[in-house]
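To be precise, the following lines are structure.cif, and they hold mmCIF, C-alpha atoms and all ligand atoms.
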data_target
#
loop_
_atom_site.label_atom_id
_atom_site.label_comp_id
_atom_site.auth_asym_id
_atom_site.auth_seq_id
_atom_site.Cartn_x
_atom_site.Cartn_y
_atom_site.Cartn_z
CA MET A 1 -9.20 16.50 22.53
CA ASN A 2 -10.36 15.63 19.02
CA SER A 3 -11.97 12.37 17.98
CA VAL A 4 -9.94 9.85 16.02
CA HIS A 5 -10.77 9.60 12.33
CA THR A 6 -12.11 6.19 11.42
CA ASN A 7 -10.39 5.73 8.04
CA SER A 8 -7.71 3.08 8.02
CA ILE A 9 -4.19 3.95 6.89
CA LYS A 10 -4.78 2.19 3.56
CA ASN A 11 -7.70 4.46 2.75
CA ILE A 12 -6.02 7.70 3.60
CA HIS A 13 -2.58 7.40 2.14
CA LYS A 14 -3.28 7.76 -1.60
CA LEU A 15 -2.62 11.47 -1.68
CA SER A 16 -1.15 13.62 1.02
CA ILE A 17 -0.22 17.25 1.51
CA ALA A 18 3.42 17.40 2.58
CA PRO A 19 4.66 18.73 5.90
CA MET A 20 6.17 22.17 5.27
CA MET A 21 7.59 24.43 7.95
CA ASP A 22 5.99 27.88 8.01
CA CYS A 23 3.36 26.73 5.49
CA THR A 24 1.25 23.79 6.67
CA ASP A 25 -0.10 25.33 9.83
CA LYS A 26 -3.68 24.71 10.97
CA HIS A 27 -5.08 27.54 8.84
CA PHE A 28 -3.55 26.26 5.62
CA ARG A 29 -4.70 22.77 6.51
CA MET A 30 -8.27 24.06 6.94
CA ILE A 31 -8.10 25.55 3.44
CA MET A 32 -6.85 22.23 2.09
CA ARG A 33 -9.58 20.34 3.88
CA LYS A 34 -12.14 22.49 2.08
CA ILE A 35 -10.46 21.50 -1.19
CA SER A 36 -10.24 17.79 -0.39
CA SER A 37 -12.24 15.92 2.21
CA GLU A 38 -9.95 12.91 1.85
CA ALA A 39 -6.26 13.84 1.43
CA LEU A 40 -4.02 13.13 4.39
CA LEU A 41 -2.77 16.37 5.92
CA TYR A 42 0.52 16.79 7.78
CA THR A 43 1.57 19.24 10.42
CA GLU A 44 4.82 21.15 10.08
CA MET A 45 7.70 19.25 11.67
CA ILE A 46 7.53 19.45 15.46
CA VAL A 47 10.74 18.77 17.36
CA ALA A 48 9.80 16.08 19.88
CA GLN A 49 12.06 17.56 22.52
CA SER A 50 10.38 20.96 22.21
CA LEU A 51 6.99 19.35 22.58
CA VAL A 52 7.91 17.34 25.65
CA TYR A 53 9.82 20.07 27.48
CA THR A 54 7.89 23.18 26.49
CA ASN A 55 5.02 24.82 28.27
CA THR A 56 3.38 25.65 24.93
CA LYS A 57 2.29 22.05 24.25
CA GLU A 58 -1.27 23.05 23.44
CA LYS A 59 -0.12 25.53 20.82
CA LEU A 60 2.18 22.98 19.18
CA LEU A 61 -0.44 20.23 19.17
CA ASP A 62 -3.47 22.32 18.29
CA PHE A 63 -5.54 21.44 15.24
CA ASN A 64 -9.17 21.79 14.16
CA ASN A 65 -11.48 18.83 14.35
CA GLU A 66 -12.32 19.22 10.64
CA GLU A 67 -8.68 18.52 9.71
CA HIS A 68 -8.88 14.74 10.11
CA PRO A 69 -7.21 12.64 8.77
CA ILE A 70 -4.09 14.34 10.08
CA SER A 71 -0.56 13.11 10.68
CA ILE A 72 1.78 14.82 13.13
CA GLN A 73 5.38 14.93 12.01
CA PHE A 74 8.14 14.60 14.59
CA GLY A 75 11.81 15.36 14.35
CA GLY A 76 14.08 13.92 17.00
CA ASP A 77 16.61 11.24 17.80
CA ASN A 78 15.90 10.29 21.39
CA PRO A 79 13.65 7.21 21.64
CA GLN A 80 12.55 8.07 25.19
CA ILE A 81 11.52 11.60 24.28
CA LEU A 82 9.81 10.37 21.11
CA LYS A 83 7.86 7.91 23.25
CA GLU A 84 6.51 10.74 25.38
CA ALA A 85 5.72 12.83 22.32
CA ALA A 86 3.86 9.92 20.69
CA ARG A 87 1.66 9.45 23.74
CA MET A 88 0.79 13.13 23.70
CA ALA A 89 -0.05 13.00 20.00
CA GLN A 90 -2.32 10.01 20.50
CA ASP A 91 -4.07 11.59 23.48
CA TRP A 92 -4.57 14.78 21.51
CA GLY A 93 -6.37 12.88 18.75
CA TYR A 94 -3.91 12.67 15.85
CA ASP A 95 -4.50 9.89 13.32
CA GLU A 96 -0.88 9.07 12.54
CA ILE A 97 2.69 9.84 13.55
CA ASN A 98 5.32 10.54 10.92
CA PHE A 99 9.03 10.53 11.67
CA ASN A 100 11.17 12.96 9.66
CA VAL A 101 14.48 11.63 8.38
CA GLY A 102 14.57 13.81 5.30
CA CYS A 103 15.03 17.39 6.45
CA PRO A 104 18.42 18.78 5.34
CA SER A 105 18.37 21.97 7.46
CA PRO A 106 21.76 22.48 9.15
CA ARG A 107 19.98 23.48 12.37
CA VAL A 108 18.05 20.21 12.32
CA CYS A 109 21.04 18.10 11.28
CA SER A 110 23.28 19.65 13.95
CA GLY A 111 20.87 18.11 16.47
CA ASN A 112 21.62 14.86 14.59
CA PHE A 113 18.10 14.44 13.33
CA GLY A 114 16.41 15.05 10.00
CA ALA A 115 18.31 13.79 6.95
CA SER A 116 21.61 13.21 8.76
CA LEU A 117 19.90 10.50 10.82
CA MET A 118 19.46 8.45 7.67
CA ARG A 119 23.13 7.60 8.07
CA ASP A 120 22.32 5.81 11.31
CA PRO A 121 19.66 3.20 10.46
CA LYS A 122 20.03 1.51 13.86
CA LYS A 123 19.11 4.69 15.65
CA VAL A 124 16.20 5.35 13.28
CA ALA A 125 14.96 1.80 13.92
CA LYS A 126 15.11 2.42 17.68
CA CYS A 127 13.13 5.63 17.28
CA ILE A 128 10.48 3.88 15.16
CA GLU A 129 10.25 0.99 17.66
CA SER A 130 9.84 3.44 20.48
CA LEU A 131 7.09 5.34 18.66
CA LYS A 132 5.30 2.10 17.82
CA ASN A 133 5.53 0.73 21.34
CA SER A 134 4.15 3.84 22.95
CA CYS A 135 0.90 4.22 21.01
CA SER A 136 -1.56 2.43 18.76
CA LEU A 137 -1.33 4.92 15.90
CA PRO A 138 0.22 4.09 12.53
CA VAL A 139 3.86 5.21 12.54
CA THR A 140 5.27 6.29 9.18
CA ILE A 141 8.59 7.69 8.02
CA LYS A 142 9.62 10.36 5.50
CA HIS A 143 13.10 10.11 4.07
CA ARG A 144 15.30 10.73 1.04
CA ILE A 145 16.77 8.22 -1.43
CA GLY A 146 20.18 8.78 0.14
CA VAL A 147 22.41 11.22 1.99
CA ASP A 148 25.78 12.46 0.70
CA ASP A 149 27.87 9.37 -0.15
CA ASP A 150 25.36 6.96 1.35
CA ASP A 151 23.37 7.02 -1.85
CA SER A 152 23.54 3.55 -3.39
CA PHE A 153 20.36 1.60 -4.06
CA ARG A 154 21.64 -1.09 -1.74
CA TYR A 155 21.97 1.45 1.09
CA LEU A 156 18.41 2.68 0.54
CA ASN A 157 16.96 -0.81 0.30
CA ASN A 158 18.72 -1.97 3.48
CA PHE A 159 17.60 1.19 5.26
CA VAL A 160 13.97 0.65 4.30
CA ARG A 161 14.02 -3.03 5.26
CA ASP A 162 15.59 -2.28 8.65
CA ILE A 163 12.97 0.34 9.33
CA ALA A 164 10.17 -1.94 8.13
CA ASN A 165 11.40 -4.57 10.60
CA ALA A 166 11.24 -1.92 13.30
CA GLY A 167 7.53 -1.53 12.51
CA ALA A 168 7.14 1.44 10.15
CA ASP A 169 3.72 1.37 8.50
CA ARG A 170 4.50 3.52 5.45
CA PHE A 171 7.52 5.04 3.70
CA THR A 172 7.30 8.44 2.09
CA VAL A 173 10.31 8.73 -0.15
CA HIS A 174 11.40 12.15 -1.38
CA ALA A 175 12.95 10.95 -4.63
CA ARG A 176 16.16 12.98 -4.41
CA LYS A 177 19.18 12.56 -2.18
CA ALA A 178 20.12 15.14 0.44
CA ILE A 179 23.50 16.79 0.06
CA LEU A 180 24.36 18.02 3.51
CA LYS A 181 27.84 19.27 2.64
CA GLY A 182 27.49 22.32 0.44
CA LEU A 183 23.78 22.77 -0.26
CA ASN A 184 21.27 24.71 1.81
CA PRO A 185 17.74 23.35 2.46
CA LYS A 186 16.22 25.25 -0.48
CA GLN A 187 18.90 24.01 -2.88
CA ASN A 188 18.37 20.52 -1.49
CA ARG A 189 14.80 20.67 -2.82
CA THR A 190 15.87 21.52 -6.37
CA ILE A 191 19.49 20.66 -7.16
CA PRO A 192 19.81 16.92 -6.45
CA PRO A 193 17.94 15.33 -9.36
CA LEU A 194 14.64 13.53 -8.86
CA LYS A 195 15.06 9.80 -9.39
CA TYR A 196 11.62 8.21 -9.50
CA ASP A 197 13.08 5.03 -11.01
CA ILE A 198 14.97 4.30 -7.80
CA VAL A 199 11.77 4.52 -5.77
CA LYS A 200 10.00 2.36 -8.38
CA LYS A 201 12.69 -0.28 -7.95
CA LEU A 202 12.32 -0.05 -4.19
CA LYS A 203 8.58 -0.73 -4.46
CA LYS A 204 9.12 -3.58 -6.94
CA LEU A 205 11.59 -5.29 -4.61
CA ASN A 206 9.40 -4.72 -1.56
CA PRO A 207 5.84 -5.09 -2.82
CA GLU A 208 4.52 -5.73 0.68
CA LEU A 209 5.59 -2.28 1.90
CA LEU A 210 3.46 0.85 1.49
CA ILE A 211 5.57 3.30 -0.46
CA GLU A 212 4.53 6.87 -1.18
CA ILE A 213 6.42 8.94 -3.72
CA ASN A 214 7.27 12.60 -3.13
CA GLY A 215 8.99 15.35 -5.08
CA GLY A 216 8.19 17.40 -8.16
CA PHE A 217 4.51 16.63 -8.80
CA HIS A 218 2.80 19.58 -10.44
CA ASN A 219 -0.73 18.47 -11.19
CA ILE A 220 -3.41 15.97 -10.39
CA ASP A 221 -3.09 13.96 -13.60
CA GLU A 222 0.64 13.32 -13.03
CA SER A 223 -0.21 12.25 -9.49
CA VAL A 224 -2.97 9.88 -10.55
CA LYS A 225 -0.56 8.32 -13.05
CA ALA A 226 2.04 7.82 -10.31
CA LEU A 227 -0.49 5.80 -8.34
CA SER A 228 -0.04 2.97 -10.80
CA ASP A 229 3.55 2.56 -9.53
CA PHE A 230 3.25 3.70 -5.92
CA ASP A 231 0.79 3.36 -3.05
CA GLY A 232 0.56 7.09 -2.52
CA VAL A 233 1.73 10.50 -3.72
CA MET A 234 2.74 13.39 -1.49
CA ILE A 235 2.50 16.93 -2.84
CA GLY A 236 4.37 19.88 -1.36
CA ARG A 237 5.20 23.17 -3.02
CA SER A 238 2.73 22.99 -5.88
CA VAL A 239 -0.24 22.54 -3.59
CA TYR A 240 0.91 25.37 -1.33
CA LYS A 241 1.49 27.85 -4.16
CA TYR A 242 -1.46 26.78 -6.32
CA PRO A 243 -4.00 25.09 -4.04
CA LEU A 244 -6.91 25.43 -6.44
CA ARG A 245 -5.08 23.57 -9.19
CA TRP A 246 -5.61 20.57 -6.90
CA SER A 247 -9.37 20.98 -6.66
CA GLU A 248 -10.04 17.58 -8.26
CA ILE A 249 -8.27 15.39 -5.68
CA ASP A 250 -11.51 13.92 -4.35
CA GLN A 251 -12.89 13.22 -7.82
CA LYS A 252 -9.77 11.93 -9.56
CA VAL A 253 -7.94 10.19 -6.72
CA TYR A 254 -10.76 9.06 -4.47
CA GLY A 255 -13.54 8.63 -7.04
CA ILE A 256 -15.97 10.87 -5.17
CA ASN A 257 -18.78 12.22 -7.29
CA THR A 258 -18.85 15.91 -6.31
CA LYS A 259 -18.25 19.17 -8.13
CA PRO A 260 -14.77 20.71 -7.60
CA LYS A 261 -15.01 23.88 -5.56
CA SER A 262 -14.20 27.37 -6.83
CA ALA A 263 -12.07 29.92 -4.95
CA SER A 264 -15.21 31.79 -3.82
CA ASP A 265 -16.89 28.53 -2.65
CA ILE A 266 -13.85 27.80 -0.48
CA ILE A 267 -13.52 31.30 0.94
CA PHE A 268 -17.25 31.54 1.71
CA SER A 269 -17.10 28.18 3.48
CA LEU A 270 -14.21 29.46 5.61
CA ILE A 271 -15.97 32.64 6.73
CA PRO A 272 -17.24 31.23 10.08
CA TYR A 273 -13.73 29.90 10.78
CA ILE A 274 -12.09 33.23 9.95
CA GLU A 275 -14.68 35.12 11.97
CA LYS A 276 -14.04 32.92 15.01
CA HIS A 277 -10.28 33.39 14.63
CA LEU A 278 -10.67 37.19 14.52
CA ASN A 279 -13.12 37.22 17.42
CA ASN A 280 -10.56 35.29 19.48
CA GLY A 281 -8.00 38.02 18.83
CA GLY A 282 -6.20 36.24 15.96
CA LYS A 283 -4.61 38.22 13.14
CA SER A 284 -6.30 38.11 9.73
CA TRP A 285 -2.91 37.74 8.05
CA ASP A 286 -2.39 34.36 9.79
CA ILE A 287 -5.08 33.02 7.46
CA CYS A 288 -4.96 35.45 4.53
CA LYS A 289 -1.28 34.76 3.80
CA HIS A 290 -2.41 31.27 2.72
CA LEU A 291 -5.83 32.23 1.38
CA ILE A 292 -4.53 34.62 -1.27
CA ASN A 293 -2.87 31.69 -3.06
CA LEU A 294 -6.35 30.48 -4.02
CA VAL A 295 -6.67 33.40 -6.40
CA GLU A 296 -4.23 33.11 -9.31
CA SER A 297 -4.27 32.69 -13.08
CA ILE A 298 -7.53 34.63 -13.40
CA PRO A 299 -8.13 38.21 -14.56
CA LYS A 300 -7.21 40.79 -11.90
CA ALA A 301 -5.91 38.08 -9.56
CA LYS A 302 -3.01 40.31 -8.57
CA VAL A 303 -5.35 43.20 -7.74
CA TRP A 304 -7.53 40.93 -5.58
CA ARG A 305 -4.53 39.56 -3.75
CA ASN A 306 -3.05 43.03 -3.20
CA GLN A 307 -6.31 44.36 -1.82
CA ILE A 308 -6.60 41.51 0.68
CA SER A 309 -2.91 41.61 1.63
CA THR A 310 -2.77 45.36 2.13
CA LYS A 311 -5.86 45.47 4.34
CA SER A 312 -4.78 42.41 6.24
CA ILE A 313 -1.22 43.54 6.89
CA LYS A 314 -2.55 46.93 8.05
CA LYS A 315 -4.85 44.98 10.39
CA GLU A 316 -7.87 46.60 8.75
CA LEU A 317 -9.39 43.51 7.16
CA ASP A 318 -12.83 42.60 8.46
CA ILE A 319 -15.34 39.97 7.40
CA GLU A 320 -17.51 42.46 5.45
CA TYR A 321 -14.56 43.42 3.28
CA LEU A 322 -13.60 39.79 2.68
CA LEU A 323 -17.22 38.95 1.79
CA LYS A 324 -17.38 41.90 -0.62
CA LEU A 325 -14.19 40.90 -2.45
CA THR A 326 -15.18 37.23 -2.51
CA SER A 327 -18.60 38.10 -3.98
CA ARG A 328 -16.73 39.86 -6.79
CA LEU A 329 -14.85 36.64 -7.47
CA GLU A 330 -18.10 34.71 -7.50
CA GLU A 331 -19.69 37.20 -9.94
CA MET A 332 -16.75 36.59 -12.26
CA GLY A 333 -17.39 32.85 -12.03
CA TYR A 334 -14.39 32.00 -9.81
C1 LIG B 1 8.96 25.69 2.84
C2 LIG B 1 9.16 24.20 2.99
C3 LIG B 1 9.19 23.63 4.25
C4 LIG B 1 9.37 22.25 4.41
N1 LIG B 1 9.31 21.71 5.65
C5 LIG B 1 9.34 20.36 5.81
C6 LIG B 1 9.12 19.74 7.07
O1 LIG B 1 8.84 20.39 8.08
N2 LIG B 1 9.21 18.38 7.13
C7 LIG B 1 9.48 17.61 6.04
O2 LIG B 1 9.54 16.39 6.14
N3 LIG B 1 9.69 18.17 4.83
C8 LIG B 1 9.59 19.51 4.69
N4 LIG B 1 9.71 20.06 3.44
C9 LIG B 1 9.89 19.19 2.27
C10 LIG B 1 8.52 18.82 1.68
O3 LIG B 1 7.75 18.10 2.59
C11 LIG B 1 8.70 17.97 0.39
O4 LIG B 1 9.37 16.80 0.73
C12 LIG B 1 9.50 18.71 -0.67
O5 LIG B 1 9.05 20.05 -0.84
C13 LIG B 1 9.40 17.97 -2.03
O6 LIG B 1 8.06 17.88 -2.47
P1 LIG B 1 7.48 18.89 -3.60
O7 LIG B 1 8.41 18.83 -4.77
O8 LIG B 1 6.11 18.36 -3.92
O9 LIG B 1 7.49 20.25 -3.00
C14 LIG B 1 9.55 21.43 3.26
C15 LIG B 1 9.52 22.02 2.00
C16 LIG B 1 9.32 23.38 1.85
C17 LIG B 1 9.26 23.97 0.46
#
What does the file become when written as structure tokens?
Amino acid sequence: MNSVHTNSIKNIHKLSIAPMMDCTDKHFRMIMRKISSEALLYTEMIVAQSLVYTNTKEKLLDFNNEEHPISIQFGGDNPQILKEAARMAQDWGYDEINFNVGCPSPRVCSGNFGASLMRDPKKVAKCIESLKNSCSLPVTIKHRIGVDDDDSFRYLNNFVRDIANAGADRFTVHARKAILKGLNPKQNRTIPPLKYDIVKKLKKLNPELLIEINGGFHNIDESVKALSDFDGVMIGRSVYKYPLRWSEIDQKVYGINTKPKSASDIIFSLIPYIEKHLNNGGKSWDICKHLINLVESIPKAKVWRNQISTKSIKKELDIEYLLKLTSRLEEMGY
């Protein structure tokens, strides 16, 4: 079990790295933690039912002690099962529980959770109450500005107030609606337009609530600017594809006086972690598939990435090779 991070929710929510299935696993989160010591990290969505009824609990819950502060995201719609899952998350050492009511995947929605659950505020409130009553962790929610025809401001505002009354500690609002009839999950992250003004209005009308904005932020300066309207900013795709473009989170968001790290600094600092993973029989690609994104927009970035990927996919990558290629980056000043 890991120790609970001491930061309060108010300190950790200014910038967070979004939950993303198949992306924000523990290895990616370790990379992000080397980039920012402060940002709140999220797990991928874990279906509460799978956690409670599976015999791979340890694998689903596993994270590295260095990852704190870390929020575990649950999908689900059964308050009893969520209660069990919340207890497990608390015992395992997570800092926060997030409830996902924004995922538009048909597989998720067919289980009547994710975005489709936003149509049933009473059920969402019951789930939040159950999570709150079963643990002492902050319980937060991630949702859209609307779903299909339930997309008026009034609907959103009532939804948020109901969920606040149920005890939610923070609202992460992906500033586009979900269109469940006709768009796939990928399209649902690009086609419905981003409407920051709606989320701004929500915050203005509910100043006492902690509201984090999500969707479409591409750089640190845009994010810092958003903090004048919102309590926090959540970043997804941009941070996954271009992690190093976010190297000034600690300086610009948290006012920490340190030098932003280079790609080689980060990779060198991960060497003991990668070595341990390989020694335990882990595949190098598990980590390298994320790591290669650190090297972009510099001369010969593609060559560097190809060399790492090819060796790694062929299962021939060892620490000496990684050190050699990383030293080359360092010599070039990256
Ligand atoms: C590959 C991928 C997987 C995602 N998985 C999840 C998830 O598990 N839970 C969730 O709440 N949102 C998920 N999302 C949505 C993101 O958390 C975020 O809300 C969305 O990408 C918008 O933010 P962005 O424009 O900064 O990327 C996912 C997005 C992507 C691209």
Please return as a list in words the residues found within 6 Å of ligand LIG 1 (chain B), counting only C-alpha atoms and all ligand atoms.
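Residues lying within 6 Å of ligand LIG 1 (chain B): Ala18, Pro19, Met20, Met21, Glu44, Met45, Asn100, Gly102, Cys103, His174, Asn214, Gly215, Gly216, Phe217, Ile235, Gly236 and Arg237 of chain A.
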Residue nearest His277 of chain A among A:Leu244, A:Ile319, A:Ala89, A:Ala178 (counting all atoms listed in the file)
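Nearest candidate to His277 of chain A out of A:Leu244, A:Ile319, A:Ala89, A:Ala178: A:Ile319.
Put simply, atom CA of Val160 of chain A is 10.9 Å away from atom CA of Leu210 of chain A.
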Which residues, protein or nucleic acid, reach to within 7 Å of (7.7, 7.5, 20.6) in the file's coordinates when using only C-alpha atoms, and can you give that as a list in words?
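Those residues lying close to the given coordinates are Pro79, Gln80, Ile81, Leu82, Lys83, Glu84, Ala85, Ala86, Cys127, Ser130, Leu131, Lys132 and Ser134 of chain A.
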In Å, with one decimal, what is the gap from atom CA of Asn64 of chain A to atom CA of Asp231 of chain A?
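Going from atom CA of Asn64 of chain A over to atom CA of Asp231 of chain A covers 27.1 Å.
Closest approach to Phe171 of chain A among A:Lys122, A:His218, A:Lys204, A:His13 is made by A:His13 (distances from only C-alpha atoms).
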At a cut-off of 7 Å, using all atoms listed in the file, what residues contact Ile35 of chain A? Leave out same-chain residues fewer than 4 positions from it and give the result as a PyMOL selection string.
chain A and resi 31+247+261
In terms of the shortest atom-to-atom distance over only C-alpha atoms, which of A:Thr326, A:Asn133, A:Thr310, A:Gly76 is closest to Ser116 of chain A?
A:Gly76
Neighbour list for segment 146-151 of chain A as number ranges by chain, cut-off 9 Å, all atoms listed in the file, skip fewer than 6 positions in-chain:
A: 102, 115-116, 118-119, 175-181
Please identify all polymer residues within 7 Å of Leu15 of chain A, counting all atoms listed in the file, omitting same-chain residues fewer than 4 positions from it, and present them as JSON, numbers by chain.
{"A": [39, 40, 232, 233, 234]}
